[in-house]
Every structure is written in C-alpha cells, then in structure tokens.
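Asks: Hey, dropping input20.txt in here, compact mmCIF, C-alpha atoms and all ligand atoms:
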```txt
# COMPACT_ATOMS: atom_id res chain seq x y z
CA MET A 288 0.00 0.00 0.00
CA THR A 289 1.27 3.46 -0.77
CA PRO A 290 -0.13 6.80 0.32
CA ARG A 291 -2.23 8.33 -2.42
CA ARG A 292 -3.61 11.55 -1.10
CA ASP A 293 -4.81 13.28 2.02
CA ALA A 294 -2.11 15.27 3.59
CA GLY A 295 -3.38 14.21 7.00
CA ILE A 296 -0.90 11.37 7.26
CA ARG A 297 2.46 12.60 8.40
CA SER A 298 4.86 11.32 5.82
CA ARG A 299 7.28 9.49 8.08
CA SER A 300 4.72 7.33 9.84
CA ALA A 301 2.71 6.87 6.65
CA THR A 302 5.62 5.37 4.78
CA ALA A 303 6.57 3.21 7.71
CA THR A 304 3.04 2.13 8.49
CA LEU A 305 1.93 1.23 5.02
CA SER A 306 4.74 -1.16 4.32
CA ARG A 307 4.02 -3.00 7.54
CA VAL A 308 2.03 -6.16 7.80
CA ARG A 309 -0.11 -6.35 10.93
CA VAL A 310 -1.91 -3.23 12.08
CA ALA A 311 -3.87 -3.10 15.33
CA VAL A 312 -6.85 -0.75 15.02
CA LEU A 313 -8.21 0.82 18.22
CA SER A 314 -11.17 3.16 18.61
CA ASP A 315 -13.02 5.03 21.34
CA ILE A 316 -10.38 4.55 24.02
CA HIS A 317 -12.04 7.37 25.96
CA SER A 318 -9.36 8.14 28.54
CA ASN A 319 -9.33 4.55 29.78
CA SER A 320 -5.62 3.75 30.13
CA VAL A 321 -6.30 0.55 32.10
CA ALA A 322 -8.24 -0.91 29.17
CA LEU A 323 -5.63 0.37 26.72
CA ASP A 324 -2.80 -1.26 28.67
CA ALA A 325 -4.68 -4.58 28.68
CA VAL A 326 -5.06 -4.36 24.89
CA LEU A 327 -1.44 -3.38 24.28
CA ALA A 328 -0.30 -6.30 26.44
CA THR A 329 -1.96 -8.76 24.04
CA PHE A 330 0.04 -7.66 20.99
CA ASP A 331 2.47 -10.45 20.24
CA ARG A 332 3.22 -9.38 16.70
CA VAL A 333 1.78 -6.03 15.79
CA ASP A 334 3.75 -3.75 13.52
CA ALA A 335 1.72 -0.57 13.83
CA VAL A 336 -1.21 0.89 15.74
CA TRP A 337 -3.92 3.04 14.20
CA HIS A 338 -6.67 4.74 16.21
CA LEU A 339 -10.06 5.98 15.08
CA GLY A 340 -10.62 8.84 17.49
CA ASP A 341 -12.40 9.58 20.74
CA VAL A 342 -9.09 9.06 22.46
CA VAL A 343 -10.42 11.17 25.34
CA GLY A 344 -13.76 11.92 27.02
CA TYR A 345 -15.76 9.99 29.66
CA GLY A 346 -12.77 8.34 31.40
CA PRO A 347 -10.28 9.39 34.08
CA ASP A 348 -6.88 9.40 32.34
CA PRO A 349 -6.77 11.45 29.12
CA ASN A 350 -3.10 12.42 29.42
CA GLY A 351 -2.09 8.83 30.20
CA VAL A 352 -3.84 7.50 27.10
CA ILE A 353 -2.27 10.12 24.85
CA ASP A 354 1.18 9.48 26.36
CA ARG A 355 0.86 5.79 25.53
CA LEU A 356 -0.29 6.44 21.95
CA ARG A 357 2.59 8.85 21.42
CA ALA A 358 5.05 6.34 22.82
CA ILE A 359 4.02 3.70 20.27
CA ASP A 360 3.80 6.23 17.42
CA ALA A 361 0.11 5.50 16.82
CA SER A 362 -1.44 7.43 13.97
CA GLY A 363 -5.13 8.17 13.73
CA VAL A 364 -8.00 10.57 13.38
CA GLN A 365 -9.93 13.03 15.53
CA GLY A 366 -13.30 12.12 17.04
CA ASN A 367 -16.08 14.36 18.32
CA HIS A 368 -14.83 14.10 21.91
CA ASP A 369 -11.27 14.94 20.84
CA ALA A 370 -12.54 18.03 19.01
CA ALA A 371 -14.60 19.07 22.02
CA ALA A 372 -11.64 18.56 24.37
CA ILE A 373 -9.59 21.20 22.57
CA GLY A 374 -12.40 23.74 22.72
CA GLY A 375 -14.57 22.73 19.76
CA LYS A 376 -18.27 23.55 19.56
CA GLU A 377 -18.96 19.82 19.40
CA ILE A 378 -19.59 20.03 23.15
CA ASP A 379 -22.86 21.85 22.41
CA TRP A 380 -24.27 18.56 21.07
CA PHE A 381 -23.29 16.47 24.08
CA ASN A 382 -25.85 15.09 26.52
CA PRO A 383 -25.54 16.46 30.08
CA VAL A 384 -23.44 13.56 31.37
CA ALA A 385 -21.02 13.62 28.44
CA ARG A 386 -20.80 17.39 28.79
CA THR A 387 -19.93 17.16 32.49
CA ALA A 388 -17.16 14.69 31.71
CA MET A 389 -15.94 16.88 28.86
CA ILE A 390 -15.70 19.96 31.04
CA TRP A 391 -13.59 17.88 33.45
CA THR A 392 -11.48 16.63 30.51
CA ARG A 393 -10.84 20.13 29.19
CA ASP A 394 -9.51 21.10 32.58
CA GLU A 395 -7.45 17.93 32.99
CA ILE A 396 -5.54 17.72 29.70
CA ASP A 397 -2.12 19.32 29.58
CA ASP A 398 -0.65 21.44 26.79
CA ALA A 399 1.14 18.51 25.17
CA SER A 400 -2.08 16.48 25.02
CA ARG A 401 -3.99 19.44 23.63
CA ALA A 402 -1.41 19.94 20.90
CA TRP A 403 -1.44 16.24 20.01
CA LEU A 404 -5.24 16.19 19.73
CA ALA A 405 -5.25 19.37 17.65
CA GLU A 406 -2.92 17.79 15.09
CA LEU A 407 -5.22 14.88 14.36
CA PRO A 408 -6.95 15.08 10.96
CA VAL A 409 -10.58 13.95 10.68
CA ARG A 410 -9.71 11.58 7.83
CA ARG A 411 -6.71 9.60 6.69
CA GLU A 412 -6.37 7.50 3.56
CA THR A 413 -3.97 4.87 2.35
CA SER A 414 -4.29 3.43 -1.14
CA ASP A 415 -6.56 0.77 0.33
CA VAL A 416 -8.22 2.11 3.46
CA THR A 417 -10.01 5.24 4.68
CA LEU A 418 -9.81 5.97 8.42
CA VAL A 419 -12.57 8.06 10.02
CA HIS A 420 -14.22 8.32 13.41
CA GLY A 421 -17.88 8.51 12.31
CA SER A 422 -18.34 7.88 8.58
CA PRO A 423 -16.67 8.87 5.31
CA ARG A 424 -19.35 11.45 4.50
CA ASP A 425 -19.46 12.90 8.00
CA PRO A 426 -16.23 11.94 9.76
CA THR A 427 -17.06 13.59 13.05
CA TRP A 428 -20.70 12.81 13.68
CA GLU A 429 -22.44 10.19 11.54
CA TYR A 430 -23.15 6.83 13.20
CA VAL A 431 -22.96 3.91 10.76
CA THR A 432 -25.72 1.80 12.24
CA SER A 433 -27.58 0.33 9.25
CA VAL A 434 -27.13 -1.26 5.84
CA GLU A 435 -28.65 1.87 4.27
CA ILE A 436 -26.15 4.21 5.89
CA ALA A 437 -23.29 1.86 4.99
CA ARG A 438 -24.49 1.70 1.36
CA ASP A 439 -24.61 5.50 1.10
CA ASN A 440 -21.06 5.69 2.37
CA PHE A 441 -19.75 2.92 0.10
CA ALA A 442 -21.07 5.05 -2.77
CA ILE A 443 -18.75 7.96 -2.01
CA ILE A 444 -15.49 6.33 -0.88
CA GLU A 445 -12.44 6.13 -3.10
CA THR A 446 -10.64 3.41 -1.17
CA THR A 447 -11.56 -0.26 -1.07
CA HIS A 448 -12.16 -0.41 2.67
CA VAL A 449 -13.14 1.87 5.55
CA LEU A 450 -12.19 1.74 9.22
CA TYR A 451 -14.63 3.61 11.45
CA GLY A 452 -15.69 3.79 15.10
CA HIS A 453 -18.05 6.08 17.06
CA THR A 454 -20.79 3.49 17.75
CA HIS A 455 -18.70 1.58 20.33
CA ARG A 456 -19.89 -1.72 18.77
CA PRO A 457 -17.76 -4.16 16.76
CA MET A 458 -19.33 -4.41 13.31
CA ALA A 459 -18.65 -5.04 9.66
CA TYR A 460 -20.54 -4.23 6.47
CA VAL A 461 -19.31 -6.13 3.43
CA GLU A 462 -20.33 -4.94 -0.04
CA ARG A 463 -20.21 -7.25 -3.01
CA ASP A 464 -21.96 -6.91 -6.37
CA GLY A 465 -24.05 -4.05 -4.97
CA THR A 466 -25.31 -6.01 -1.97
CA VAL A 467 -24.33 -4.89 1.54
CA ARG A 468 -24.24 -7.56 4.22
CA PRO A 469 -23.97 -6.74 7.95
CA LEU A 470 -21.83 -8.88 10.25
CA THR A 471 -21.62 -8.77 14.03
CA PRO A 472 -18.18 -10.12 14.93
CA ASP A 473 -17.32 -11.96 18.13
CA ASP A 474 -13.91 -12.44 19.73
CA GLY A 475 -11.84 -14.19 17.06
CA SER A 476 -14.16 -13.47 14.11
CA THR A 477 -12.32 -12.93 10.85
CA VAL A 478 -13.37 -11.23 7.61
CA SER A 479 -11.43 -11.62 4.37
CA LEU A 480 -10.37 -8.33 2.85
CA ASP A 481 -10.67 -9.86 -0.62
CA THR A 482 -14.35 -10.90 -0.72
CA GLY A 483 -15.54 -7.36 -1.40
CA ARG A 484 -15.35 -3.86 -0.02
CA ALA A 485 -15.73 -3.61 3.74
CA MET A 486 -16.56 -1.05 6.40
CA LEU A 487 -14.93 -2.31 9.59
CA ASN A 488 -15.57 -1.12 13.15
CA PRO A 489 -13.20 -2.42 15.86
CA GLY A 490 -15.64 -1.60 18.68
CA SER A 491 -14.49 0.41 21.68
CA VAL A 492 -11.42 -0.09 23.84
CA GLY A 493 -12.52 2.08 26.73
CA GLN A 494 -16.32 2.04 26.79
CA PRO A 495 -17.89 -0.91 24.91
CA ARG A 496 -21.65 -0.69 24.33
CA ASP A 497 -22.48 -4.09 22.89
CA GLY A 498 -23.32 -5.80 26.18
CA SER A 499 -19.80 -6.98 26.95
CA PRO A 500 -17.52 -4.97 29.24
CA ASP A 501 -14.38 -6.35 27.56
CA ALA A 502 -12.18 -4.01 25.52
CA SER A 503 -12.61 -4.54 21.78
CA TYR A 504 -10.20 -3.99 18.88
CA LEU A 505 -9.26 -5.50 15.53
CA VAL A 506 -6.09 -6.47 13.69
CA LEU A 507 -5.66 -5.94 9.96
CA ASP A 508 -3.30 -8.44 8.37
CA THR A 509 -2.40 -6.76 5.12
CA ASP A 510 -0.33 -9.75 4.09
CA GLY A 511 -2.90 -12.45 4.81
CA ARG A 512 -5.65 -10.02 3.71
CA THR A 513 -7.78 -10.54 6.82
CA CYS A 514 -9.38 -8.51 9.59
CA THR A 515 -9.77 -10.22 12.99
CA TRP A 516 -11.62 -8.92 16.08
CA HIS A 517 -10.39 -9.43 19.62
CA ARG A 518 -11.88 -8.93 23.11
CA VAL A 519 -9.75 -8.41 26.21
CA GLN A 520 -10.77 -8.44 29.87
CA TYR A 521 -9.37 -5.63 31.96
CA ASP A 522 -9.64 -4.36 35.54
CA VAL A 523 -12.90 -2.43 35.22
CA GLU A 524 -13.10 -1.72 38.96
CA ARG A 525 -9.75 0.03 38.90
CA VAL A 526 -10.96 2.47 36.27
CA GLN A 527 -14.22 2.97 38.12
CA ALA A 528 -12.33 3.84 41.31
CA ALA A 529 -10.29 6.43 39.41
CA MET A 530 -13.48 7.87 37.91
CA ARG A 531 -15.04 8.23 41.37
CA THR A 532 -11.91 9.94 42.64
CA ALA A 533 -12.06 12.34 39.70
CA GLY A 534 -15.73 13.06 40.44
CA LEU A 535 -16.94 11.89 37.03
CA PRO A 536 -20.69 11.17 36.63
CA ARG A 537 -21.96 8.02 38.32
CA SER A 538 -23.79 6.72 35.21
CA LEU A 539 -20.50 6.73 33.28
CA VAL A 540 -18.88 4.73 36.07
CA ASP A 541 -21.71 2.19 36.18
CA ARG A 542 -22.01 1.55 32.46
CA LEU A 543 -18.48 0.10 32.27
CA THR A 544 -19.61 -2.87 34.38
CA VAL A 545 -22.16 -3.99 31.81
CA GLY A 546 -20.73 -2.67 28.56
CA ALA A 547 -23.73 -0.52 27.72
ZN ZN B 601 -16.89 7.53 21.41
```
Please re-express this file's structure in structure tokens.

Replies:
Amino acid sequence: MTPRRDAGIRSRSATATLSRVRVAVLSDIHSNSVALDAVLATFDRVDAVWHLGDVVGYGPDPNGVIDRLRAIDASGVQGNHDAAAIGGKEIDWFNPVARTAMIWTRDEIDDASRAWLAELPVRRETSDVTLVHGSPRDPTWEYVTSVEIARDNFAIIETTHVLYGHTHRPMAYVERDGTVRPLTPDDGSTVSLDTGRAMLNPGSVGQPRDGSPDASYLVLDTDGRTCTWHRVQYDVERVQAAMRTAGLPRSLVDRLTVGA
C-alpha cells in the first residue's frame, strides 16, 4: 500500500506504516488507560497501531492514554470528543453527562495532550483504506448503524475499505456486487479483505456498548488479507475507582460494568 492523497498522514509514519504487515486498530479509548494497557499487552506481533478517534472523554486518564499512543507512534483521526476537548463547539451537542465529563477533561488535559489532539486530521487515507471516526461522508458525527447508511457511504469512498468507530460496537458491512451484508463479529471473528469492499468497526477499547464490558479492537493483516476482532478483559473496577476519585458522573462509572 502506498499513500495516495490526504495530507493528514504525516509522511514518516505513513511510509513506515503502510509497508508493515499487521496493524492493530483501536477506537473510542475514551481516557481509559487501564483498558488500553490490557489491549497493548496482548500484541504479540503487531507492527503498527492506528486509532479511530475519541481518544479522550468519559474516562479518568486522558493524558495517560495520549502518552501511551505517542510512545508507540500510533497514527489516527480526531473524534467528536477529541474536538470538544480542545475547545470545539462539538460540546454543544453532548448530553448532560457527556458534557460534564468533557468539562472535566478540558480542565485535565495538559498542553502537550492538547497539541497532540489538535494535530489529528478527521480523515486519513492509504491506497486501500479510509480511516474516520464517524463515517466517510461525516467523519465527526455520523453513526454507521444500518445497511442503508453503509451503502450510502460505500457510494462515495475512493478506497476499497473503511475503518470507522463512534458506535462503540464491533461491526462489519461487506459490499459485493451491490449487496451490503452486515456482520456482528465476536472475539476471534475474521473477515477476508478480498471478498468485497468492507466497512470495519473495531468496537471500543474504553467504553464498549455491545453488552460486553471487555475491551474490543481489531487487527488488519495486510499480508494475509484478513481482519480479525479481539476482546480483552481488563480491571474495570480500577478504572471505576479512578473515575469516582475524579468526580466523574456516576452513570459513566456504572455503564463500564455492563458494557452498555
Ligand atoms: Zn466515542
């Protein structure tokens, strides 16, 4: 794969990343460094890490998550929470609980974190894959939650595949001969990258909403041409304790237990 366009990818990491073989794709980490550490600990042979935004928001450790992503040279895109954290008007669309957490996050992040978030583009493209937080036609806000929405987005993309997040649910839409098929992947599910075009959602590392509290991510094997989902248990109670100490809203603490 070689970079084709979109200046969003910094050239050094783009060149390095695209020649690599196994790419771990993480989304919606949401300031949960405990979940992120559990995920990173499972990588036995990962050559690069991409993220799909919402690095911060909701959770208790925004600077810790960003420090870790910097340390492993992860490249990615900006989500609605990341935009809000650096002062964006996105916060006006947040529900009261998300807004409370975001006001805390704005106060908590340091200058280095703010600068790192501000540098994230809303879209990145390789020759093969588009990376967005929401959807290709609305990278910041659209939730891809139906075959119809997926079909509309397949119609406008210029790459073969799309990686997206935002819904906090692992999901795939595979398009072949004009038909879009939805797939709900479990731990270990694999999709071939050669059976058609695909929109692939790794689920959420830091705040899953599919009924399982386990952190979710996927690995793209650009050599074997597969995408495989993974779930990882982590110490939920430790994060919840940190959230209570930070004074974050109770409902955000509680939802981590059930993955909702
Ligand atoms: Zn999110």

Asks: Calculated over all atoms listed in the file, which of the candidates A:Ala311, A:Val431, A:Ala502, A:Ala358 has the smallest distance to Asp522 in chain A?

Replies: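 Ranking A:Ala311, A:Val431, A:Ala502, A:Ala358 by distance to Asp522 in chain A, first place goes to A:Ala502.
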
Asks: Rounded to one decimal place, report the CA of His368 in chain A-CA of Val461 in chain A distance in Å.

Replies: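 Computing it gives 27.8 Å between the two atoms.
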
Asks: Counting all atoms listed in the file, which residues sit no farther than 12 Å from the position (-21.9, 4.6, 33.6) in the file's frame? I'd like them as a list in words.

Replies: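 Protein and nucleic acid residues near the point are Tyr345, Gly346, Val384, Ala385, Ala388, Gly493, Gln494, Pro495, Arg496, Pro500, Val523, Val526, Gln527, Met530, Arg531, Leu535, Pro536, Arg537, Ser538, Leu539, Val540, Asp541, Arg542, Leu543, Thr544, Val545, Gly546 and Ala547 of chain A.
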
Asks: Expressed in Å to a single decimal, how great is the separation between CA of Arg393 in chain A and CA of Ser314 in chain A?

Replies: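 Here the two named atoms are 20.0 Å from each other.
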
Asks: Determine, using all atoms listed in the file, which residues of chain A have any atom at most 6 Å from an atom of ligand ZN 601 (chain B), and tabulate each with its shortest atom pair and distance in Å to one decimal place, rows ordered by chain and then rising number, as a tab-separated table.

Replies:
```
residue	atom	partner	partner_atom	distance
A:Asp315	CA	B:ZN601	ZN	4.6
A:Asp341	CA	B:ZN601	ZN	5.0
A:His453	CA	B:ZN601	ZN	4.7
```

Asks: Looking at A:Ile378, A:Glu406, A:Ala325, A:Asp334, which one is nearest to Val308 in chain A, with distances taken over only C-alpha atoms?

Replies: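 Answer, going by the shortest atom-to-atom distance: A:Asp334.
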
Asks: Of the candidates A:Gly374, A:Gly498, A:Gly465, A:Pro457, which one gets nearest to Ala405 in chain A if we count all atoms listed in the file?

Replies: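 Using all atoms listed in the file, Ala405 in chain A sits closest to A:Gly374.
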
Asks: Compute the distance from (-25.0, 4.1, 12.1) to each atom, counting only C-alpha atoms, keep the residues with any atom at most 10 Å away, and return them as a ChimeraX atom specification; use the coordinates of the file.

Replies: /A:421-422,428-437,452-454

Asks: What's around Asp348 in chain A at 9 Å? Count all atoms listed in the file, leave out sequence neighbours fewer than 6 positions away in its own chain, and write the answer as a short mmCIF file (atom, residue, chain, number, x, y, z; two decimals) with C-alpha atoms, in the coordinates of the input.

Replies:
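Saved file out.cif follows:
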```cif
data_model
loop_
_atom_site.label_atom_id
_atom_site.label_comp_id
_atom_site.auth_asym_id
_atom_site.auth_seq_id
_atom_site.Cartn_x
_atom_site.Cartn_y
_atom_site.Cartn_z
CA HIS A 317 -12.04 7.37 25.96
CA SER A 318 -9.36 8.14 28.54
CA ASN A 319 -9.33 4.55 29.78
CA SER A 320 -5.62 3.75 30.13
CA VAL A 321 -6.30 0.55 32.10
CA THR A 392 -11.48 16.63 30.51
CA GLU A 395 -7.45 17.93 32.99
CA ILE A 396 -5.54 17.72 29.70
CA VAL A 526 -10.96 2.47 36.27
CA ALA A 529 -10.29 6.43 39.41
CA MET A 530 -13.48 7.87 37.91
#
```

Asks: Go ahead and compute the interatomic distance for CA of Met389 in chain A and CA of Asn367 in chain A, in Å to one decimal.

Replies: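 Between CA of Met389 in chain A and CA of Asn367 in chain A the gap works out to 10.8 Å.
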
Asks: Of the candidates A:Asp501, A:Glu462, A:Asp324, A:Asp369, which shows the shortest atom-to-atom distance to Gly340 in chain A, using only C-alpha atoms?

Replies: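 Smallest distance to Gly340 in chain A is found for A:Asp369.
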
Asks: Of the residues A:Pro469, A:Pro349, A:Pro408, A:Pro423, which is the one nearest to Thr446 in chain A, using all atoms listed in the file?

Replies: A:Pro423

Asks: Out of A:Asp497, A:Asp464, A:Glu377, A:Asp331, which residue has the shortest atom-to-atom distance to Arg309 in chain A when counting only C-alpha atoms?

Replies: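 Result for the nearest residue to Arg309 in chain A: A:Asp331.
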
Asks: Extract, using all atoms listed in the file, all DNA, RNA and protein residues at most 8 Å from Leu404 in chain A, discarding same-chain residues fewer than 4 positions from it, and format them as a PDB file with C-alpha atoms, in the coordinates of the input.

Replies:
```
ATOM      1  CA  GLN A 365      -9.930  13.030  15.530  1.00  0.00           C
ATOM      2  CA  ASP A 369     -11.270  14.940  20.840  1.00  0.00           C
ATOM      3  CA  ALA A 370     -12.540  18.030  19.010  1.00  0.00           C
ATOM      4  CA  ILE A 373      -9.590  21.200  22.570  1.00  0.00           C
ATOM      5  CA  SER A 400      -2.080  16.480  25.020  1.00  0.00           C
TER       6      SER A 400
END
```

Asks: Can you pull out every residue within 10 Å of range 503-512 of chain A, counting all atoms listed in the file, but drop anything in the same chain fewer than 2 positions away, and send it as JSON, numbers by chain?

Replies: {"A": [288, 305, 306, 307, 308, 309, 310, 311, 312, 313, 314, 315, 316, 322, 323, 326, 330, 333, 334, 335, 336, 337, 338, 415, 455, 456, 457, 473, 474, 475, 476, 477, 478, 479, 480, 481, 482, 487, 488, 489, 490, 491, 492, 493, 494, 495, 497, 499, 500, 501, 514, 515, 516, 517, 518, 519, 520]}
